[in-house]
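Working notes, structure below.
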Amino acid sequence: SHPSTTTQTLRSRSLRSAPRYATAIFRFSCCTLSTTWAILHFHSANFWPSAVGGTNGTAQTKNCWDLSGSVAGFGVNGVSSVGAKYSLDDDFDHQNSSLRYFFLGQASYQMHSLCFHGLSMVLLALYGSRGNGRGVGSFFVSVRTSMKSYIKPIAEHLLSITLIMSSFLFSGTRRLGAIAIFALETSSLFLQLLQICINAPIGSRLRRPRTIRIVHRLMAVPVFVYCRFFVVPFVVLYSAVVESRDWIRQIERAMAPGCGVFIYYFFNGLLLVVVG
């Protein structure tokens with residue numbers, strides 16, 4: 001082929017890869033910070049099992065559902081209707097502060113991504129139909145097809161934000177939710193690393209076929225399979241479905257008839273949608 005044509009093709013590929021490369025680096029950085037924070041603060045907690053790097057020999061997910069804690073905001077001046085002092089959001093393992101920062105970071109990331117996709121859709125709507133091969137509009141493809149590509153990630157971010165907010169309300173779901181988020185972030189961490197290698201600048205060592213094969217076969221696939229097909233179903237979902245039943249019954253007694261059942265199916269259903 002003509003040298004100028006080859007140069008233009010390589011330049012075009014580089015322009016398309018650049019935003020993907022930058023996005024992958026950003027997401028990789030966020031996942032690294034999130035998972036590192038979780039390991040440093042929760043590795044010795046009694047609810048953080050060895051399946052996700054826990055170092056406490058007695059830790060198990062059943063401890064997420066400690067019956068001394070539930071949800072903040074109930075009771076009058078910390079006194080129940082029978083006169084006993086209680087707090088339905090008791091910090092029974094002294095992890096509420098670390099969990100608060102962890103969930104705040106997760107919510108911030110999801111809100112940032114949601115706003116980014118929303119802004120991209122606005123720009124497509126304003127400029128997507130302008131230009132005929134050159135100018136600002138040339139950087140946008142068909143508005144209809146591009147809009148469709150943003151609908152799925154926006155829906156995913158909205159579901160994730162809903163799960164994060166609803167999980168944080170309850171002491172039990174807050175702790176199990178942290179385990180679920182950690183598993184999902186860990187699986188995403190190496191997928192983003194793979195994206196960095198695939199979209200790295202031409203000539204970079206990261207873009208070498210050997211490097212991509214190593215990251216794909218030895219990191220991304222094994223970690224994804226372990227987190228998504230073992231930790232999520234056999235650790236997180238099992239605890240949410242089976243181990244939470246006594247806690248749900250307590251919620252039922254403390255709040256109102258039917259609330260426990262609603263919370264049970266709402267949380268588990270939302271969890272299945274997000275991790276699925």
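Chain lettering (A, B, ...) mirrors the order of the structure tokens, residue numbering begins at 1 for each chain separately, and ligand numbering begins at 1 in order of display.
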Considering only C-alpha atoms, return as a list in words whatever protein or nucleic-acid residues lie within 12 Å of Tyr265 (chain A), sequence-local ones (same chain, fewer than 4 positions apart) excluded.
-> Ala240, Val241, Ser244, Arg245, Ile248, Gly258, Cys259, Gly260, Val261, Gly269, Leu270, Leu271, Leu272 and Val273 of chain A
Residue subset to file, keeping N, CA and C atoms, as an mmCIF file, in the first residue's frame:
```cif
data_model
loop_
_atom_site.group_PDB
_atom_site.id
_atom_site.type_symbol
_atom_site.label_atom_id
_atom_site.label_comp_id
_atom_site.auth_asym_id
_atom_site.auth_seq_id
_atom_site.Cartn_x
_atom_site.Cartn_y
_atom_site.Cartn_z
ATOM 1 N N ALA A 240 -26.184 -13.269 51.382
ATOM 2 C CA ALA A 240 -27.354 -12.397 51.254
ATOM 3 C C ALA A 240 -28.658 -13.186 51.281
ATOM 4 N N VAL A 241 -28.645 -14.371 50.710
ATOM 5 C CA VAL A 241 -29.871 -15.169 50.606
ATOM 6 C C VAL A 241 -30.111 -16.025 51.845
ATOM 7 N N SER A 244 -28.617 -14.088 55.976
ATOM 8 C CA SER A 244 -29.257 -12.830 56.403
ATOM 9 C C SER A 244 -30.643 -13.031 57.002
ATOM 10 N N ARG A 245 -31.150 -14.238 57.058
ATOM 11 C CA ARG A 245 -32.559 -14.459 57.412
ATOM 12 C C ARG A 245 -32.889 -14.034 58.840
ATOM 13 N N ILE A 248 -33.026 -10.321 58.863
ATOM 14 C CA ILE A 248 -34.248 -9.847 58.213
ATOM 15 C C ILE A 248 -35.436 -9.950 59.169
ATOM 16 N N GLY A 258 -43.741 -6.618 56.856
ATOM 17 C CA GLY A 258 -43.530 -6.565 55.413
ATOM 18 C C GLY A 258 -42.250 -5.872 55.003
ATOM 19 N N CYS A 259 -41.670 -5.039 55.893
ATOM 20 C CA CYS A 259 -40.449 -4.312 55.536
ATOM 21 C C CYS A 259 -39.275 -5.260 55.316
ATOM 22 N N GLY A 260 -39.158 -6.255 56.184
ATOM 23 C CA GLY A 260 -38.051 -7.186 56.059
ATOM 24 C C GLY A 260 -38.083 -7.958 54.756
ATOM 25 N N VAL A 261 -39.270 -8.413 54.395
ATOM 26 C CA VAL A 261 -39.416 -9.158 53.138
ATOM 27 C C VAL A 261 -39.089 -8.265 51.944
ATOM 28 N N GLY A 269 -32.444 -8.898 44.714
ATOM 29 C CA GLY A 269 -32.770 -8.714 43.295
ATOM 30 C C GLY A 269 -31.856 -7.709 42.640
ATOM 31 N N LEU A 270 -31.610 -6.585 43.340
ATOM 32 C CA LEU A 270 -30.724 -5.563 42.797
ATOM 33 C C LEU A 270 -29.294 -6.078 42.692
ATOM 34 N N LEU A 271 -28.876 -6.854 43.671
ATOM 35 C CA LEU A 271 -27.538 -7.443 43.644
ATOM 36 C C LEU A 271 -27.372 -8.386 42.458
ATOM 37 N N LEU A 272 -28.395 -9.194 42.186
ATOM 38 C CA LEU A 272 -28.341 -10.112 41.043
ATOM 39 C C LEU A 272 -28.249 -9.352 39.727
ATOM 40 N N VAL A 273 -28.989 -8.252 39.606
ATOM 41 C CA VAL A 273 -28.960 -7.469 38.374
ATOM 42 C C VAL A 273 -27.595 -6.840 38.159
#
```
Find the residues around Tyr238 (chain A) up to 12 Å (only C-alpha atoms counted), leave out those fewer than 3 positions away in its own chain, and share them as an MDAnalysis selection string.
-> chainID A and resid 60:62 176 180 230:235 241:245 268 271:272
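CA of Phe168 (chain A) to CA of Trp48 (chain A) spans 16.5 Å [interatomic distance, one decimal].
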Identify, on the basis of only C-alpha atoms, every residue whose closest approach to Ala24 (chain A) does not exceed 9 Å; exclude the query and any residue fewer than 5 positions from it along the same chain; express the result as a PyMOL selection string.
-> chain A and resi 19+29+191-196+199
Would you mind listing what lies within 10 Å of Ser167 (chain A) as a ChimeraX atom specification, with only C-alpha atoms counted and same-chain residues fewer than 2 positions away left out?
-> /A:103,161-165,169-178,267,271
Selection export as a tab-separated table (two decimals), in the first residue's frame, atoms kept: all heavy atoms:
```
chain	number	residue	atom	x	y	z
A	103	PHE	N	-17.55	3.60	50.84
A	103	PHE	CA	-18.77	3.79	50.06
A	103	PHE	C	-18.82	5.19	49.44
A	103	PHE	O	-19.35	5.35	48.34
A	103	PHE	CB	-20.00	3.55	50.94
A	103	PHE	CG	-20.42	2.11	51.00
A	103	PHE	CD1	-19.80	1.23	51.85
A	103	PHE	CD2	-21.43	1.63	50.18
A	103	PHE	CE1	-20.17	-0.11	51.91
A	103	PHE	CE2	-21.82	0.30	50.22
A	103	PHE	CZ	-21.18	-0.57	51.09
A	161	ILE	N	-25.34	2.95	41.63
A	161	ILE	CA	-25.56	4.01	42.63
A	161	ILE	C	-26.71	3.63	43.56
A	161	ILE	O	-26.62	3.82	44.78
A	161	ILE	CB	-25.85	5.35	41.93
A	161	ILE	CG1	-24.59	5.86	41.24
A	161	ILE	CG2	-26.36	6.39	42.94
A	161	ILE	CD1	-24.83	7.06	40.35
A	162	THR	N	-27.78	3.06	43.00
A	162	THR	CA	-28.90	2.61	43.82
A	162	THR	C	-28.47	1.53	44.80
A	162	THR	O	-28.85	1.56	45.98
A	162	THR	CB	-30.03	2.09	42.93
A	162	THR	OG1	-30.42	3.10	42.00
A	162	THR	CG2	-31.24	1.68	43.76
A	163	LEU	N	-27.67	0.58	44.32
A	163	LEU	CA	-27.19	-0.50	45.20
A	163	LEU	C	-26.28	0.04	46.29
A	163	LEU	O	-26.38	-0.37	47.46
A	163	LEU	CB	-26.46	-1.55	44.37
A	163	LEU	CG	-25.90	-2.75	45.15
A	163	LEU	CD1	-27.03	-3.53	45.81
A	163	LEU	CD2	-25.09	-3.66	44.23
A	164	ILE	N	-25.40	0.97	45.94
A	164	ILE	CA	-24.48	1.55	46.92
A	164	ILE	C	-25.24	2.29	48.00
A	164	ILE	O	-24.98	2.13	49.20
A	164	ILE	CB	-23.47	2.49	46.22
A	164	ILE	CG1	-22.48	1.67	45.38
A	164	ILE	CG2	-22.71	3.33	47.24
A	164	ILE	CD1	-21.62	2.51	44.47
A	165	MET	N	-26.21	3.11	47.60
A	165	MET	CA	-26.97	3.89	48.56
A	165	MET	C	-27.83	3.01	49.46
A	165	MET	O	-27.88	3.19	50.68
A	165	MET	CB	-27.84	4.91	47.82
A	165	MET	CG	-27.05	5.99	47.10
A	165	MET	SD	-28.10	7.13	46.16
A	165	MET	CE	-29.05	7.87	47.50
A	169	LEU	N	-27.33	2.01	53.88
A	169	LEU	CA	-28.33	2.31	54.91
A	169	LEU	C	-28.31	1.31	56.05
A	169	LEU	O	-28.60	1.66	57.20
A	169	LEU	CB	-29.72	2.36	54.29
A	169	LEU	CG	-30.03	3.55	53.37
A	169	LEU	CD1	-31.41	3.37	52.76
A	169	LEU	CD2	-29.95	4.86	54.13
A	170	PHE	N	-27.99	0.07	55.77
A	170	PHE	CA	-28.09	-1.00	56.76
A	170	PHE	C	-26.71	-1.53	57.11
A	170	PHE	O	-25.87	-1.73	56.23
A	170	PHE	CB	-28.97	-2.13	56.23
A	170	PHE	CG	-30.37	-1.71	55.92
A	170	PHE	CD1	-30.71	-1.26	54.65
A	170	PHE	CD2	-31.35	-1.75	56.90
A	170	PHE	CE1	-32.00	-0.86	54.36
A	170	PHE	CE2	-32.64	-1.35	56.62
A	170	PHE	CZ	-32.97	-0.89	55.35
A	171	SER	N	-26.49	-1.77	58.37
A	171	SER	CA	-25.18	-2.22	58.83
A	171	SER	C	-24.77	-3.56	58.22
A	171	SER	O	-23.62	-3.78	57.87
A	171	SER	CB	-25.16	-2.33	60.36
A	171	SER	OG	-26.13	-3.27	60.79
A	172	GLY	N	-25.73	-4.47	58.08
A	172	GLY	CA	-25.42	-5.79	57.51
A	172	GLY	C	-25.12	-5.71	56.03
A	172	GLY	O	-24.10	-6.24	55.56
A	173	THR	N	-25.99	-5.06	55.27
A	173	THR	CA	-25.78	-4.94	53.83
A	173	THR	C	-24.57	-4.07	53.52
A	173	THR	O	-23.94	-4.22	52.48
A	173	THR	CB	-27.03	-4.34	53.14
A	173	THR	OG1	-27.35	-3.08	53.74
A	173	THR	CG2	-28.22	-5.27	53.28
A	174	ARG	N	-24.24	-3.16	54.42
A	174	ARG	CA	-23.06	-2.29	54.23
A	174	ARG	C	-21.79	-3.13	54.20
A	174	ARG	O	-20.92	-2.92	53.35
A	174	ARG	CB	-23.00	-1.27	55.36
A	174	ARG	CG	-21.96	-0.18	55.20
A	174	ARG	CD	-21.99	0.74	56.41
A	174	ARG	NE	-23.36	1.20	56.66
A	174	ARG	CZ	-23.80	1.58	57.85
A	174	ARG	NH1	-22.98	1.52	58.90
A	174	ARG	NH2	-25.03	1.99	58.01
A	175	ARG	N	-21.70	-4.08	55.10
A	175	ARG	CA	-20.50	-4.91	55.17
A	175	ARG	C	-20.45	-5.94	54.04
A	175	ARG	O	-19.42	-6.13	53.41
A	175	ARG	CB	-20.44	-5.60	56.54
A	175	ARG	CG	-20.01	-4.63	57.64
A	175	ARG	CD	-20.50	-5.01	59.01
A	175	ARG	NE	-19.97	-4.10	60.02
A	175	ARG	CZ	-20.44	-2.86	60.23
A	175	ARG	NH1	-21.44	-2.38	59.52
A	175	ARG	NH2	-19.89	-2.08	61.15
A	176	LEU	N	-21.58	-6.57	53.76
A	176	LEU	CA	-21.59	-7.52	52.65
A	176	LEU	C	-21.43	-6.78	51.32
A	176	LEU	O	-20.78	-7.28	50.40
A	176	LEU	CB	-22.90	-8.31	52.65
A	176	LEU	CG	-22.95	-9.46	51.64
A	176	LEU	CD1	-21.94	-10.54	52.02
A	176	LEU	CD2	-24.35	-10.05	51.55
A	177	GLY	N	-22.01	-5.58	51.24
A	177	GLY	CA	-21.85	-4.78	50.03
A	177	GLY	C	-20.40	-4.42	49.76
A	177	GLY	O	-19.96	-4.38	48.61
A	178	ALA	N	-19.64	-4.18	50.82
A	178	ALA	CA	-18.22	-3.87	50.65
A	178	ALA	C	-17.47	-5.07	50.06
A	178	ALA	O	-16.59	-4.90	49.21
A	178	ALA	CB	-17.60	-3.48	51.99
A	267	PHE	N	-32.94	-6.00	47.89
A	267	PHE	CA	-31.47	-6.03	47.93
A	267	PHE	C	-30.93	-7.17	47.10
A	267	PHE	O	-30.01	-7.00	46.29
A	267	PHE	CB	-30.99	-6.13	49.37
A	267	PHE	CG	-29.48	-6.23	49.48
A	267	PHE	CD1	-28.68	-5.11	49.26
A	267	PHE	CD2	-28.88	-7.43	49.82
A	267	PHE	CE1	-27.31	-5.20	49.37
A	267	PHE	CE2	-27.50	-7.52	49.94
A	267	PHE	CZ	-26.72	-6.39	49.70
A	271	LEU	N	-28.88	-6.85	43.67
A	271	LEU	CA	-27.54	-7.44	43.64
A	271	LEU	C	-27.37	-8.39	42.46
A	271	LEU	O	-26.34	-8.38	41.76
A	271	LEU	CB	-27.28	-8.19	44.96
A	271	LEU	CG	-25.86	-8.69	45.23
A	271	LEU	CD1	-24.88	-7.53	45.27
A	271	LEU	CD2	-25.83	-9.46	46.53
```
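Reported to one decimal place, the separation of CA of Met121 (chain A) from CA of Ile181 (chain A) is 27.1 Å.
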Ser44 (chain A): which residues within 9 Å, counting only C-alpha atoms, same-chain residues fewer than 4 positions away excluded, as number ranges by chain?
-> A: 39-40, 48-49, 54-57, 59
Please, what distance in Å, to one decimal, runs between CA of Tyr21 (chain A) and CA of Ile198 (chain A)?
-> 8.2 Å
Per DSSP on the backbone, filter region 202-241 of chain A down to the residues in alpha helix (DSSP H) and report them as a list in words.
->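 Answer for region 202-241 of chain A restricted to alpha helix (DSSP H) is Pro209, Arg210, Thr211, Ile212, Arg213, Ile214, Val221, Pro222, Val223, Phe224, Val225, Tyr226 and Tyr238 of chain A.
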Write a file of the selected residues as a short mmCIF file (atom, residue, chain, number, x, y, z; two decimals), in the first residue's frame, keeping all heavy atoms.
```
data_model
loop_
_atom_site.label_atom_id
_atom_site.label_comp_id
_atom_site.auth_asym_id
_atom_site.auth_seq_id
_atom_site.Cartn_x
_atom_site.Cartn_y
_atom_site.Cartn_z
N PRO A 209 2.46 -8.20 21.68
CA PRO A 209 1.57 -9.37 21.76
C PRO A 209 1.87 -10.27 22.95
O PRO A 209 0.95 -10.79 23.59
CB PRO A 209 1.83 -10.10 20.44
CG PRO A 209 2.26 -9.02 19.51
CD PRO A 209 3.06 -8.06 20.33
N ARG A 210 3.14 -10.43 23.28
CA ARG A 210 3.52 -11.29 24.41
C ARG A 210 2.96 -10.72 25.72
O ARG A 210 2.42 -11.46 26.56
CB ARG A 210 5.04 -11.41 24.49
CG ARG A 210 5.51 -12.22 25.68
CD ARG A 210 7.04 -12.27 25.72
NE ARG A 210 7.53 -12.88 26.96
CZ ARG A 210 7.63 -14.18 27.15
NH1 ARG A 210 7.27 -15.03 26.19
NH2 ARG A 210 8.08 -14.67 28.29
N THR A 211 3.09 -9.41 25.90
CA THR A 211 2.58 -8.76 27.12
C THR A 211 1.07 -8.90 27.21
O THR A 211 0.53 -9.20 28.28
CB THR A 211 2.97 -7.27 27.13
OG1 THR A 211 4.40 -7.14 27.00
CG2 THR A 211 2.50 -6.60 28.41
N ILE A 212 0.39 -8.68 26.10
CA ILE A 212 -1.07 -8.79 26.09
C ILE A 212 -1.52 -10.21 26.42
O ILE A 212 -2.47 -10.41 27.17
CB ILE A 212 -1.62 -8.35 24.71
CG1 ILE A 212 -1.37 -6.85 24.50
CG2 ILE A 212 -3.12 -8.65 24.60
CD1 ILE A 212 -1.76 -6.34 23.14
N ARG A 213 -0.82 -11.21 25.88
CA ARG A 213 -1.16 -12.62 26.16
C ARG A 213 -0.97 -12.94 27.64
O ARG A 213 -1.80 -13.63 28.25
CB ARG A 213 -0.32 -13.56 25.29
CG ARG A 213 -0.77 -13.64 23.84
CD ARG A 213 -0.17 -14.86 23.16
NE ARG A 213 1.29 -14.82 23.18
CZ ARG A 213 2.02 -14.28 22.21
NH1 ARG A 213 1.42 -13.74 21.15
NH2 ARG A 213 3.33 -14.29 22.29
N ILE A 214 0.11 -12.44 28.23
CA ILE A 214 0.38 -12.72 29.65
C ILE A 214 -0.71 -12.10 30.53
O ILE A 214 -1.25 -12.76 31.43
CB ILE A 214 1.76 -12.16 30.05
CG1 ILE A 214 2.87 -12.99 29.38
CG2 ILE A 214 1.94 -12.18 31.57
CD1 ILE A 214 4.26 -12.45 29.59
N VAL A 221 -8.29 -13.20 32.90
CA VAL A 221 -9.25 -14.31 32.87
C VAL A 221 -9.33 -15.05 34.20
O VAL A 221 -10.43 -15.26 34.74
CB VAL A 221 -8.93 -15.28 31.71
CG1 VAL A 221 -9.80 -16.52 31.80
CG2 VAL A 221 -9.14 -14.59 30.37
N PRO A 222 -8.20 -15.48 34.80
CA PRO A 222 -8.30 -16.21 36.08
C PRO A 222 -8.95 -15.38 37.19
O PRO A 222 -9.79 -15.90 37.94
CB PRO A 222 -6.84 -16.53 36.41
CG PRO A 222 -6.13 -16.50 35.11
CD PRO A 222 -6.81 -15.43 34.32
N VAL A 223 -8.57 -14.11 37.32
CA VAL A 223 -9.12 -13.27 38.38
C VAL A 223 -10.60 -13.01 38.14
O VAL A 223 -11.42 -13.04 39.08
CB VAL A 223 -8.34 -11.94 38.48
CG1 VAL A 223 -9.02 -10.99 39.46
CG2 VAL A 223 -6.91 -12.20 38.92
N PHE A 224 -10.98 -12.76 36.89
CA PHE A 224 -12.39 -12.53 36.57
C PHE A 224 -13.23 -13.75 36.90
O PHE A 224 -14.29 -13.64 37.53
CB PHE A 224 -12.53 -12.19 35.08
CG PHE A 224 -13.94 -11.86 34.68
CD1 PHE A 224 -14.42 -10.56 34.77
CD2 PHE A 224 -14.79 -12.85 34.21
CE1 PHE A 224 -15.72 -10.25 34.40
CE2 PHE A 224 -16.10 -12.56 33.84
CZ PHE A 224 -16.56 -11.24 33.93
N VAL A 225 -12.75 -14.93 36.50
CA VAL A 225 -13.50 -16.18 36.77
C VAL A 225 -13.62 -16.41 38.27
O VAL A 225 -14.70 -16.75 38.77
CB VAL A 225 -12.82 -17.37 36.08
CG1 VAL A 225 -13.44 -18.68 36.53
CG2 VAL A 225 -12.93 -17.23 34.56
N TYR A 226 -12.54 -16.21 39.00
CA TYR A 226 -12.56 -16.44 40.45
C TYR A 226 -13.53 -15.48 41.15
O TYR A 226 -14.35 -15.92 41.98
CB TYR A 226 -11.16 -16.26 41.03
CG TYR A 226 -11.11 -16.37 42.54
CD1 TYR A 226 -11.18 -17.60 43.17
CD2 TYR A 226 -11.01 -15.22 43.33
CE1 TYR A 226 -11.15 -17.71 44.55
CE2 TYR A 226 -10.98 -15.31 44.72
CZ TYR A 226 -11.06 -16.55 45.32
OH TYR A 226 -11.04 -16.64 46.69
N TYR A 238 -24.70 -16.14 48.57
CA TYR A 238 -25.08 -17.12 49.59
C TYR A 238 -25.37 -16.43 50.92
O TYR A 238 -26.37 -16.74 51.60
CB TYR A 238 -23.98 -18.16 49.77
CG TYR A 238 -24.25 -19.12 50.92
CD1 TYR A 238 -25.13 -20.20 50.75
CD2 TYR A 238 -23.66 -18.93 52.17
CE1 TYR A 238 -25.40 -21.07 51.80
CE2 TYR A 238 -23.92 -19.80 53.22
CZ TYR A 238 -24.79 -20.86 53.03
OH TYR A 238 -25.06 -21.71 54.08
#
```
Nearest to Ala183 (chain A) among A:His157, A:Arg249, A:Arg228, A:Arg208, with distances taken over only C-alpha atoms: which residue is it?
->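 The answer is A:Arg228, which sits nearest to Ala183 (chain A).
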Of A:Ser239, A:Ile202, A:Ile263, A:Thr35, the one nearest to Asn63 (chain A) when counting only C-alpha atoms is A:Ser239
Counting only C-alpha atoms, figure out which residue out of A:Leu126, A:Leu114, A:Asn46, A:Ile25 gets nearest to Leu159 (chain A).
->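 The closest residue to Leu159 (chain A) is A:Leu114.
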